[in-house]
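Right, one structure below, let's go through it.
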Amino acid sequence: MRRFLIAFQFLTIVPLPAVRCDEEDLGRSMTYFPLVGLALGALLAGTDFLLSPLLPRGVADLVLVALLSVVTGALHLDGLSDVCDGLAARGPRERFLEIMKDSRVGAVGAVALVLGIMLKYQALLALPLGYKREALLFFPMAARFAQVQMTVGATRARKDGLGCAFVGGAGASQLVLAGVCTAVVAWLLLGLNGLISMLLLFLLTWGIKSWSHGRLGGITGDVIGCASELNEIFCLLTLLALMRQGGQ
C-alpha cells in the first residue's frame with residue numbers, strides 16, 4: 001500500500017498523507033503505475049456518467065480532457081512540449097538536454113501541446129458511445145504502463161532529474177507485473193481490440209525508448225512524459241480505428 005501511495009503521489013496532484021520514500025521505493029512503486037492509471041480512468045468514466053445527461057457530448061469530452069490534465073498536474077504535457085522544443089533545436093545532445101531543462105515553452109512545444117490535446121479530444125469525441133467508458137478506463141492505464149516500459153532497463157541521460165530517479169529501483173519484476181495487470185484489464189474491458197492496441201503501443205514505446213538512447217544516450221523524465229502523452233493519444237486513435245474497422 002505504501003508504494004501504491006508513492007505512485008499515486010508522483011502521478012497526480014491529489015493530496016495524500018506523506019509517506020517515507022527512497023530511490024528504491026520510487027522504482028518499485030512503478031508496479032502500481034497502471035493501477036493509478038486505472039484510477040484516473042475511473043475518475044474520467046465517473047465524470048462522464050455525471051456530465052452526459054447535463055452537457056452536450058462535445059463539451060463534456062473537453063471537460064474530461066481538461067480534468068485529466070489538471071489531476072496529473074500537466075506533468076506529462078510538459079514533457080511533450082520540452083521534447084518537441086528539443087527536436088526543433090537540432091543541436092547536439094548537450095543542447096537537446098539543455099533545452100528540455102529550460103522551464104520556458106517554445107513555439108514548437110506550444111504547437112505540440114495544442115495538437116496533442118486536440119487529437120485526444122477529437123478521438124474521444126469520435127469513439128462509439130457503447131465503448132466510450134471502457135476506453136476512458138483503459139487509455140490512462142496504458143500510458144502509465146508505457147512509463148514503466150520506458151524506465152525499466154533504461155540508462156540515465158543525465159545524473160539529475162526526478163524521472164530518472166526511478167531507473168535505479170525499477171526492474172524486470174515491475175515491468176512484468178505492470179504488463180500483466182494492464183493486459184488483463186485490456187482484455188476484460190475491450191477484448192481483442194484492447195490486446196491489439198496494447199501490442200501496438202508497446203512497439204511505439206519501444207521505438208521512443210530506442211530513439212532516446214540513440215539520440216540522448218538514455219532517458220530523462222521529459223522523455224518518459226512525452227512517451228506517456230503519445231501513448232494516450234495513440235491508444236485512443238488505435239481503439240477508434242479498430243472499432244471503425246470492426247463496424248462498431
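Each chain in the C-alpha cells gets a letter, A, B, ..., in the order shown, and its residues are numbered from 1; ligands are numbered from 1 in order too.
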
Contact residues around Gly225 of chain A with only C-alpha atoms at 8 Å, ignoring same-chain residues under 4 positions, as number ranges by chain
A: 75-80, 147, 221, 229

If you count only C-alpha atoms, which residues fall within 12 Å of Leu242 of chain A, apart from same-chain ones fewer than 4 positions away, as a PyMOL selection string?
chain A and resi 127-128+131+190-197+200+234-238+246-248

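Close contacts of Gln149 of chain A, defined as residues with an atom at most 8 Å away when counting only C-alpha atoms, with chain neighbours fewer than 5 positions off set aside, comprise Leu175, Phe202, Thr205 and Trp206 of chain A.
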
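Proximity to Thr47 of chain A at 10 Å, evaluated using only C-alpha atoms and with sequence-adjacent residues fewer than 5 positions away removed, yields Gly41, Ala42, Ser52, Ala60, Asp61, Val63, Leu64 and Leu67 of chain A.
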
Would you pick out the contacts of segment 102-104 of chain A at 12 Å or less, using only C-alpha atoms, so that residues sharing its chain but fewer than 6 positions from it are not included, and give the list as a list of chain:residue names?
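So, after excluding close chain neighbours, the residues are A:Asp78, A:Gly79, A:Ser81, A:Asp82, A:Val83, A:Asp85, A:Gly86, A:Arg95, A:Phe96, A:Ala110, A:Asp222.
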
Output N, CA and C atoms for every residue in that selection, as a PDB file, in the first residue's frame.
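Saved as again.pdb:
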```pdb
ATOM      1  N   ASP A  78       4.070  18.684 -20.074  1.00  0.00           N
ATOM      2  CA  ASP A  78       5.323  19.432 -20.021  1.00  0.00           C
ATOM      3  C   ASP A  78       6.436  18.654 -20.717  1.00  0.00           C
ATOM      4  N   GLY A  79       6.471  17.341 -20.513  1.00  0.00           N
ATOM      5  CA  GLY A  79       7.466  16.515 -21.186  1.00  0.00           C
ATOM      6  C   GLY A  79       7.295  16.528 -22.688  1.00  0.00           C
ATOM      7  N   SER A  81       6.010  18.943 -24.564  1.00  0.00           N
ATOM      8  CA  SER A  81       6.441  20.226 -25.107  1.00  0.00           C
ATOM      9  C   SER A  81       7.958  20.369 -25.065  1.00  0.00           C
ATOM     10  N   ASP A  82       8.593  19.916 -23.987  1.00  0.00           N
ATOM     11  CA  ASP A  82      10.043  20.039 -23.867  1.00  0.00           C
ATOM     12  C   ASP A  82      10.774  19.207 -24.915  1.00  0.00           C
ATOM     13  N   VAL A  83      10.301  17.971 -25.138  1.00  0.00           N
ATOM     14  CA  VAL A  83      10.948  17.117 -26.141  1.00  0.00           C
ATOM     15  C   VAL A  83      10.782  17.714 -27.536  1.00  0.00           C
ATOM     16  N   ASP A  85      10.407  20.876 -28.308  1.00  0.00           N
ATOM     17  CA  ASP A  85      11.305  22.031 -28.393  1.00  0.00           C
ATOM     18  C   ASP A  85      12.743  21.579 -28.628  1.00  0.00           C
ATOM     19  N   GLY A  86      13.144  20.491 -27.967  1.00  0.00           N
ATOM     20  CA  GLY A  86      14.489  19.966 -28.178  1.00  0.00           C
ATOM     21  C   GLY A  86      14.695  19.464 -29.596  1.00  0.00           C
ATOM     22  N   ARG A  95      22.877  20.243 -26.198  1.00  0.00           N
ATOM     23  CA  ARG A  95      21.914  21.313 -26.485  1.00  0.00           C
ATOM     24  C   ARG A  95      20.487  20.816 -26.274  1.00  0.00           C
ATOM     25  N   PHE A  96      20.201  19.581 -26.709  1.00  0.00           N
ATOM     26  CA  PHE A  96      18.882  18.983 -26.543  1.00  0.00           C
ATOM     27  C   PHE A  96      18.532  18.905 -25.060  1.00  0.00           C
ATOM     28  N   ALA A 110       4.663  24.622 -27.878  1.00  0.00           N
ATOM     29  CA  ALA A 110       3.284  25.101 -27.752  1.00  0.00           C
ATOM     30  C   ALA A 110       2.387  24.455 -28.808  1.00  0.00           C
ATOM     31  N   ASP A 222      11.482  14.038 -18.970  1.00  0.00           N
ATOM     32  CA  ASP A 222      10.710  14.644 -20.050  1.00  0.00           C
ATOM     33  C   ASP A 222      10.393  13.631 -21.147  1.00  0.00           C
TER      34      ASP A 222
END
```

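Residue nearest Leu62 of chain A, chosen from A:Lys120, A:Ala186, A:Leu203, A:Arg133 and counting only C-alpha atoms: A:Lys120.
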